[in-house]
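Colleague: This is the structure, below, for whatever I ask next.
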Amino acid sequence: MILRAKYVMPDSRTVIENGAVAIQGSKIVDIGLYPTVRSSSTPPIHDLGEAVLTPGLVNAHTHLDLTNSADSIQRVPKFTDWIFQIIAKRTPSTVGPSVREGVQQSLAGGVTTVGDIDGTGGSIQILRDTPIRKVVFFEVLGFSGEHAAMGLTRLATYLDSLPISDSLLMPALSPHAPYSTSADIYRQCVASGLSVCTHIAETKEELEFLSSGTGAFLDYLEAFGISTAEWVPLQLTPMEYMATLGILRESSLLAHCNYLIDADVTTLAESGASVVFCPRSHHYFYHTEHPILQLIESGINVAIGTDSLASNWSLSLLDELKFLARTQPRIRPETLFDMVTCNGADALGLAQVGRLEKDWQADIIAVRIPNDGRPAIEQILDGSSENLLTVVGGKICYVSNH
């Protein structure tokens, strides 16, 4: 199969006019000028016209099991009140339909890979054999006492069930957050050897809880009957706490990181861990300005995620990219594009994904552009651009009807 378009953009800094990509099986076998690729490859040929062929987009942090939350979660001032709504909304009967719909919306939005948080243990079974590439982070929590013991048992049961057979699926772990998860659970997740993602430094209330043991998260735990009697406030920032638990390592992904001090950024940069920023979700919660520029300047690998439809209005990473371009004009377009492609792949520990290269996985999208003479990458960021085609592992998974 050959894909042809006005432009091929194998990475953020390379553009081939009148380009093409040849695919055999799950991999790219040739890439370059259309006449050259056509002469060395066999049909069928899919001509996408006024479009750019690019690497598929990598959504490094999402919750597909909350897709059913679209337009049904009230925007409230307190983060913990929002969490209570989420808990009520997510039930065993909603997980399957939500995840399946989330996959379809993701593919339509140019996403070929997701880093999905499996909040119930049911998502991974639904995601098996779906056509999207996925790293599925099994979520574990339990702050203290019997709740922590239950979390450790759940974790052990899950680890005993591995491996899971699906060439497009990689299992991973997500100790939820420091206000909901014990130190023992964090340590066991690290000891598993799997990739780990945790929600960290997401709210000011989290900082207060870790430093002084007061505030909204104390009330949150008490509402669930979870004792904090034996817990001593750490008097640490969330990042300092993660460092004590061994979480800060190259195979770890830190979701949000909305509230960091300079020392946290230095610690992160030295650790090799990645950060995933969720721009529209950040906007939804009225957070203060994100330290994304400081993270980039410090050499930290920054990826992008949508979070869920409980705090976002689409699962399209193309939409997320356009929003980020509008709200962060100081970040170069090439850097923005890296964050939704190769940076995301690196953050999820995936090889041969995130760029278009010979012998790499054929995860490709075709983005229709206005064809107005601007550089291809700027046209991708234009508000009128749209995804026409999504290919994952050499298979066409989405075709636009427009």
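Following the order of the structure tokens, chains are lettered A, B, ..., residues in each are numbered from 1, and ligands are numbered from 1.
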Taking only C-alpha atoms into account, produce a table as a Markdown table in which each residue of region 269-356 of chain A with an atom at most 12 Å from an atom of region 65-88 of chain A appears once, together with its shortest atom pair and the distance in Å to one decimal, ordered by chain and rising number.
Modeller:
| residue | atom | partner | partner_atom | distance |
| --- | --- | --- | --- | --- |
| A:Ser281 | CA | A:Arg75 | CA | 11.4 |
| A:His282 | CA | A:Phe79 | CA | 11.9 |
| A:His283 | CA | A:Arg75 | CA | 11.7 |
| A:Tyr284 | CA | A:Arg75 | CA | 8.0 |
| A:Phe285 | CA | A:Pro77 | CA | 7.9 |
| A:Tyr286 | CA | A:Pro77 | CA | 8.8 |
| A:His287 | CA | A:Phe79 | CA | 10.8 |
| A:Thr306 | CA | A:Thr67 | CA | 11.4 |
| A:Asp307 | CA | A:Leu66 | CA | 9.4 |
| A:Ser308 | CA | A:Leu66 | CA | 6.1 |
| A:Leu309 | CA | A:Ala70 | CA | 5.0 |
| A:Ala310 | CA | A:Ser69 | CA | 5.1 |
| A:Ser311 | CA | A:Ile73 | CA | 8.1 |
| A:Asn312 | CA | A:Ala70 | CA | 7.9 |
| A:Trp313 | CA | A:Ala70 | CA | 7.1 |
| A:Ser314 | CA | A:Ala70 | CA | 8.5 |
| A:Leu315 | CA | A:Thr67 | CA | 8.7 |
Colleague: Can I get the selection written as a CSV table (one decimal), in the first residue's frame, with all heavy atoms?
Modeller:
chain,number,residue,atom,x,y,z
A,281,SER,N,-7.4,20.4,29.8
A,281,SER,CA,-7.8,20.1,31.2
A,281,SER,C,-7.3,21.1,32.2
A,281,SER,O,-8.0,21.5,33.1
A,281,SER,CB,-7.4,18.7,31.5
A,281,SER,OG,-7.8,18.3,32.8
A,282,HIS,N,-6.1,21.5,32.0
A,282,HIS,CA,-5.4,22.5,32.8
A,282,HIS,C,-6.3,23.8,32.8
A,282,HIS,O,-6.5,24.4,33.8
A,282,HIS,CB,-4.0,22.8,32.3
A,282,HIS,CG,-3.2,23.7,33.1
A,282,HIS,ND1,-3.3,25.1,33.0
A,282,HIS,CD2,-2.3,23.5,34.2
A,282,HIS,CE1,-2.5,25.7,33.8
A,282,HIS,NE2,-1.9,24.7,34.6
A,283,HIS,N,-6.7,24.2,31.6
A,283,HIS,CA,-7.6,25.3,31.4
A,283,HIS,C,-8.9,25.1,32.1
A,283,HIS,O,-9.5,26.1,32.8
A,283,HIS,CB,-7.8,25.6,29.9
A,283,HIS,CG,-8.8,26.7,29.6
A,283,HIS,ND1,-8.5,28.0,29.7
A,283,HIS,CD2,-10.1,26.6,29.2
A,283,HIS,CE1,-9.5,28.7,29.4
A,283,HIS,NE2,-10.5,27.9,29.1
A,284,TYR,N,-9.5,24.0,32.0
A,284,TYR,CA,-10.8,23.6,32.6
A,284,TYR,C,-10.8,23.9,34.1
A,284,TYR,O,-11.8,24.4,34.7
A,284,TYR,CB,-11.1,22.2,32.3
A,284,TYR,CG,-12.4,21.6,32.9
A,284,TYR,CD1,-13.6,21.7,32.3
A,284,TYR,CD2,-12.3,21.0,34.2
A,284,TYR,CE1,-14.8,21.2,32.9
A,284,TYR,CE2,-13.5,20.5,34.8
A,284,TYR,CZ,-14.7,20.6,34.1
A,284,TYR,OH,-15.8,20.1,34.7
A,285,PHE,N,-9.7,23.6,34.8
A,285,PHE,CA,-9.7,23.7,36.2
A,285,PHE,C,-9.1,25.0,36.7
A,285,PHE,O,-8.9,25.2,37.9
A,285,PHE,CB,-8.8,22.6,36.8
A,285,PHE,CG,-9.4,21.2,36.8
A,285,PHE,CD1,-8.9,20.2,36.0
A,285,PHE,CD2,-10.5,20.9,37.6
A,285,PHE,CE1,-9.5,19.0,35.9
A,285,PHE,CE2,-11.1,19.7,37.5
A,285,PHE,CZ,-10.6,18.7,36.7
A,286,TYR,N,-9.0,26.0,35.8
A,286,TYR,CA,-8.5,27.3,36.2
A,286,TYR,C,-7.2,27.3,36.9
A,286,TYR,O,-6.9,28.1,37.8
A,286,TYR,CB,-9.6,28.0,37.1
A,286,TYR,CG,-10.9,28.1,36.5
A,286,TYR,CD1,-12.0,27.4,37.0
A,286,TYR,CD2,-11.2,29.0,35.4
A,286,TYR,CE1,-13.3,27.4,36.4
A,286,TYR,CE2,-12.5,29.1,34.9
A,286,TYR,CZ,-13.5,28.3,35.4
A,286,TYR,OH,-14.8,28.4,34.9
A,287,HIS,N,-6.3,26.4,36.6
A,287,HIS,CA,-5.0,26.4,37.2
A,287,HIS,C,-4.2,27.6,36.8
A,287,HIS,O,-4.4,28.2,35.8
A,287,HIS,CB,-4.2,25.1,36.8
A,287,HIS,CG,-4.8,23.8,37.3
A,287,HIS,ND1,-5.0,23.6,38.7
A,287,HIS,CD2,-5.2,22.7,36.7
A,287,HIS,CE1,-5.5,22.4,38.9
A,287,HIS,NE2,-5.6,21.8,37.7
A,306,THR,N,-4.8,14.4,26.6
A,306,THR,CA,-6.1,15.1,26.7
A,306,THR,C,-6.8,15.0,28.0
A,306,THR,O,-7.8,15.7,28.3
A,306,THR,CB,-7.1,14.4,25.7
A,306,THR,OG1,-7.3,13.0,26.0
A,306,THR,CG2,-6.6,14.6,24.2
A,307,ASP,N,-6.3,14.1,28.9
A,307,ASP,CA,-7.1,13.7,30.1
A,307,ASP,C,-8.4,13.1,29.6
A,307,ASP,O,-8.4,12.5,28.6
A,307,ASP,CB,-7.2,14.9,31.1
A,307,ASP,CG,-7.1,14.5,32.5
A,307,ASP,OD1,-7.2,13.3,32.8
A,307,ASP,OD2,-6.8,15.3,33.4
A,308,SER,N,-9.5,13.4,30.3
A,308,SER,CA,-10.7,12.7,29.9
A,308,SER,C,-11.8,13.8,29.5
A,308,SER,O,-11.6,15.0,29.7
A,308,SER,CB,-11.3,11.9,31.1
A,308,SER,OG,-11.9,12.8,32.1
A,309,LEU,N,-12.9,13.3,29.0
A,309,LEU,CA,-14.0,14.2,28.6
A,309,LEU,C,-14.8,14.7,29.8
A,309,LEU,O,-15.7,15.5,29.7
A,309,LEU,CB,-15.0,13.4,27.7
A,309,LEU,CG,-14.4,13.2,26.3
A,309,LEU,CD1,-15.6,12.7,25.3
A,309,LEU,CD2,-13.8,14.4,25.7
A,310,ALA,N,-14.3,14.3,31.0
A,310,ALA,CA,-14.8,14.9,32.2
A,310,ALA,C,-14.2,16.3,32.5
A,310,ALA,O,-14.7,17.1,33.3
A,310,ALA,CB,-14.6,14.0,33.4
A,311,SER,N,-13.1,16.6,31.8
A,311,SER,CA,-12.5,17.9,31.9
A,311,SER,C,-11.9,18.4,30.6
A,311,SER,O,-11.0,19.3,30.5
A,311,SER,CB,-11.3,17.8,32.9
A,311,SER,OG,-10.3,16.9,32.5
A,312,ASN,N,-12.5,18.0,29.5
A,312,ASN,CA,-12.1,18.4,28.1
A,312,ASN,C,-13.3,18.3,27.2
A,312,ASN,O,-14.3,17.7,27.5
A,312,ASN,CB,-11.0,17.5,27.7
A,312,ASN,CG,-10.1,18.1,26.6
A,312,ASN,OD1,-10.5,19.1,25.9
A,312,ASN,ND2,-8.8,17.7,26.5
A,313,TRP,N,-13.2,18.8,26.0
A,313,TRP,CA,-14.3,18.8,25.1
A,313,TRP,C,-14.1,18.0,23.9
A,313,TRP,O,-14.9,17.9,23.0
A,313,TRP,CB,-14.7,20.3,24.7
A,313,TRP,CG,-13.6,21.2,24.3
A,313,TRP,CD1,-13.2,21.5,23.1
A,313,TRP,CD2,-12.8,22.0,25.2
A,313,TRP,NE1,-12.2,22.4,23.1
A,313,TRP,CE2,-11.9,22.8,24.4
A,313,TRP,CE3,-12.8,22.2,26.6
A,313,TRP,CZ2,-11.0,23.7,24.9
A,313,TRP,CZ3,-11.8,23.0,27.1
A,313,TRP,CH2,-11.0,23.8,26.3
A,314,SER,N,-12.9,17.3,23.8
A,314,SER,CA,-12.7,16.3,22.7
A,314,SER,C,-11.5,15.5,23.1
A,314,SER,O,-10.7,15.9,23.9
A,314,SER,CB,-12.5,17.0,21.4
A,314,SER,OG,-11.2,17.3,21.1
A,315,LEU,N,-11.4,14.3,22.4
A,315,LEU,CA,-10.2,13.5,22.6
A,315,LEU,C,-9.3,13.6,21.4
A,315,LEU,O,-8.4,12.8,21.3
A,315,LEU,CB,-10.7,12.0,22.8
A,315,LEU,CG,-11.5,11.7,24.0
A,315,LEU,CD1,-11.9,10.2,24.0
A,315,LEU,CD2,-10.7,12.0,25.3
Colleague: Neighbouring residues of Ile365 (chain A) were defined as those with any atom within 10 Å, considering only C-alpha atoms; residues of the same chain fewer than 2 positions away were excluded. Please report them as a PDB file with N, CA and C atoms, in the first residue's frame.
Modeller:
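What follows is the written file around08.pdb:
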ATOM      1  N   LEU A   3       0.697   5.492   0.412  1.00  0.00           N
ATOM      2  CA  LEU A   3      -0.021   6.714   0.746  1.00  0.00           C
ATOM      3  C   LEU A   3       0.725   7.879   0.111  1.00  0.00           C
ATOM      4  N   ALA A  51      -2.942  17.451   1.514  1.00  0.00           N
ATOM      5  CA  ALA A  51      -2.815  16.980   2.894  1.00  0.00           C
ATOM      6  C   ALA A  51      -1.347  16.780   3.229  1.00  0.00           C
ATOM      7  N   VAL A  52      -1.098  16.574   4.528  1.00  0.00           N
ATOM      8  CA  VAL A  52       0.240  16.263   5.022  1.00  0.00           C
ATOM      9  C   VAL A  52       0.203  14.897   5.692  1.00  0.00           C
ATOM     10  N   LEU A  53       1.060  13.992   5.258  1.00  0.00           N
ATOM     11  CA  LEU A  53       1.221  12.722   5.955  1.00  0.00           C
ATOM     12  C   LEU A  53       2.220  12.927   7.089  1.00  0.00           C
ATOM     13  N   THR A  54       1.812  12.608   8.303  1.00  0.00           N
ATOM     14  CA  THR A  54       2.680  12.798   9.465  1.00  0.00           C
ATOM     15  C   THR A  54       2.652  11.548  10.337  1.00  0.00           C
ATOM     16  N   PRO A  55       3.574  11.456  11.285  1.00  0.00           N
ATOM     17  CA  PRO A  55       3.468  10.384  12.281  1.00  0.00           C
ATOM     18  C   PRO A  55       2.124  10.499  13.009  1.00  0.00           C
ATOM     19  N   GLY A  56       1.566   9.352  13.381  1.00  0.00           N
ATOM     20  CA  GLY A  56       0.356   9.377  14.188  1.00  0.00           C
ATOM     21  C   GLY A  56       0.607  10.081  15.508  1.00  0.00           C
ATOM     22  N   LEU A  57      -0.427  10.714  16.042  1.00  0.00           N
ATOM     23  CA  LEU A  57      -0.279  11.479  17.280  1.00  0.00           C
ATOM     24  C   LEU A  57      -0.383  10.559  18.495  1.00  0.00           C
ATOM     25  N   LEU A 107      -9.107   7.839  17.318  1.00  0.00           N
ATOM     26  CA  LEU A 107      -8.671   7.571  15.949  1.00  0.00           C
ATOM     27  C   LEU A 107      -9.121   8.679  15.002  1.00  0.00           C
ATOM     28  N   ALA A 108     -10.346   9.155  15.180  1.00  0.00           N
ATOM     29  CA  ALA A 108     -10.850  10.237  14.331  1.00  0.00           C
ATOM     30  C   ALA A 108     -10.059  11.519  14.543  1.00  0.00           C
ATOM     31  N   GLY A 109      -9.514  11.713  15.740  1.00  0.00           N
ATOM     32  CA  GLY A 109      -8.761  12.915  16.065  1.00  0.00           C
ATOM     33  C   GLY A 109      -7.275  12.809  15.786  1.00  0.00           C
ATOM     34  N   GLY A 110      -6.869  11.803  15.021  1.00  0.00           N
ATOM     35  CA  GLY A 110      -5.472  11.675  14.635  1.00  0.00           C
ATOM     36  C   GLY A 110      -4.591  10.946  15.622  1.00  0.00           C
ATOM     37  N   VAL A 111      -5.193  10.325  16.641  1.00  0.00           N
ATOM     38  CA  VAL A 111      -4.416   9.615  17.661  1.00  0.00           C
ATOM     39  C   VAL A 111      -4.214   8.168  17.224  1.00  0.00           C
ATOM     40  N   THR A 112      -2.960   7.740  17.184  1.00  0.00           N
ATOM     41  CA  THR A 112      -2.673   6.342  16.883  1.00  0.00           C
ATOM     42  C   THR A 112      -2.208   5.577  18.116  1.00  0.00           C
ATOM     43  N   ALA A 362       4.138   1.561  10.929  1.00  0.00           N
ATOM     44  CA  ALA A 362       3.361   2.425  10.034  1.00  0.00           C
ATOM     45  C   ALA A 362       2.161   2.984  10.787  1.00  0.00           C
ATOM     46  N   ASP A 363       2.447   3.906  11.706  1.00  0.00           N
ATOM     47  CA  ASP A 363       1.424   4.672  12.428  1.00  0.00           C
ATOM     48  C   ASP A 363       1.418   6.060  11.799  1.00  0.00           C
ATOM     49  N   VAL A 367      -3.398  14.816   7.356  1.00  0.00           N
ATOM     50  CA  VAL A 367      -4.084  16.017   7.823  1.00  0.00           C
ATOM     51  C   VAL A 367      -4.381  16.927   6.629  1.00  0.00           C
ATOM     52  N   ARG A 368      -5.663  17.188   6.390  1.00  0.00           N
ATOM     53  CA  ARG A 368      -6.031  18.136   5.335  1.00  0.00           C
ATOM     54  C   ARG A 368      -5.642  19.546   5.762  1.00  0.00           C
ATOM     55  N   ASN A 387      -8.210  15.878  10.371  1.00  0.00           N
ATOM     56  CA  ASN A 387      -7.658  14.559  10.088  1.00  0.00           C
ATOM     57  C   ASN A 387      -8.522  13.832   9.065  1.00  0.00           C
ATOM     58  N   LEU A 388      -7.873  13.292   8.016  1.00  0.00           N
ATOM     59  CA  LEU A 388      -8.575  12.571   6.959  1.00  0.00           C
ATOM     60  C   LEU A 388      -8.454  11.068   7.090  1.00  0.00           C
ATOM     61  N   LEU A 389      -7.333  10.608   7.623  1.00  0.00           N
ATOM     62  CA  LEU A 389      -7.020   9.182   7.586  1.00  0.00           C
ATOM     63  C   LEU A 389      -6.138   8.828   8.771  1.00  0.00           C
ATOM     64  N   THR A 390      -6.416   7.680   9.383  1.00  0.00           N
ATOM     65  CA  THR A 390      -5.585   7.190  10.476  1.00  0.00           C
ATOM     66  C   THR A 390      -5.196   5.746  10.194  1.00  0.00           C
ATOM     67  N   VAL A 391      -3.891   5.502  10.222  1.00  0.00           N
ATOM     68  CA  VAL A 391      -3.340   4.165   9.987  1.00  0.00           C
ATOM     69  C   VAL A 391      -2.547   3.757  11.216  1.00  0.00           C
ATOM     70  N   VAL A 392      -2.825   2.568  11.747  1.00  0.00           N
ATOM     71  CA  VAL A 392      -2.097   2.052  12.909  1.00  0.00           C
ATOM     72  C   VAL A 392      -1.534   0.682  12.550  1.00  0.00           C
ATOM     73  N   ILE A 396      -5.591   0.654   7.946  1.00  0.00           N
ATOM     74  CA  ILE A 396      -6.431   1.850   7.949  1.00  0.00           C
ATOM     75  C   ILE A 396      -7.543   1.680   8.983  1.00  0.00           C
ATOM     76  N   TYR A 398      -9.341   4.605  10.303  1.00  0.00           N
ATOM     77  CA  TYR A 398     -10.312   5.696  10.238  1.00  0.00           C
ATOM     78  C   TYR A 398     -10.152   6.408   8.909  1.00  0.00           C
ATOM     79  N   VAL A 399     -11.311   6.703   8.273  1.00  0.00           N
ATOM     80  CA  VAL A 399     -11.350   7.508   7.048  1.00  0.00           C
ATOM     81  C   VAL A 399     -12.448   8.548   7.234  1.00  0.00           C
TER      82      VAL A 399
END
Colleague: Would you pick out the contacts of Glu297 (chain A) at 12 Å or less, using only C-alpha atoms, so that residues sharing its chain but fewer than 6 positions from it are not included, and give the list as an NGL selection string?
Modeller: :A and (265-266 or 269 or 291 or 330-331 or 335)
Colleague: In terms of the shortest atom-to-atom distance over only C-alpha atoms, which of A:Ile200, A:Leu253, A:Gly213, A:Arg374 is closest to Met239 (chain A)?
Modeller: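 Checking each of A:Ile200, A:Leu253, A:Gly213, A:Arg374 against Met239 (chain A), counting only C-alpha atoms, the winner is A:Ile200.
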Colleague: So which residues touch Ala263 (chain A) within 12 Å, counting only C-alpha atoms, skipping near sequence neighbours fewer than 5 positions away, as a list of chain:residue names?
Modeller: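 Counting only the stated atoms, we get A:Leu236, A:Thr237, A:Pro238, A:Met239, A:Glu240, A:Ala243, A:Leu268, A:Ala269, A:Glu270, A:Gln294, A:Leu295, A:Ser298.
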Colleague: Do you know which residues are at most 9 Å from region 147-159 of chain A counting only C-alpha atoms, after dropping those on the same chain fewer than 5 positions away, and could you put them as a count of residues only?
Modeller: 15
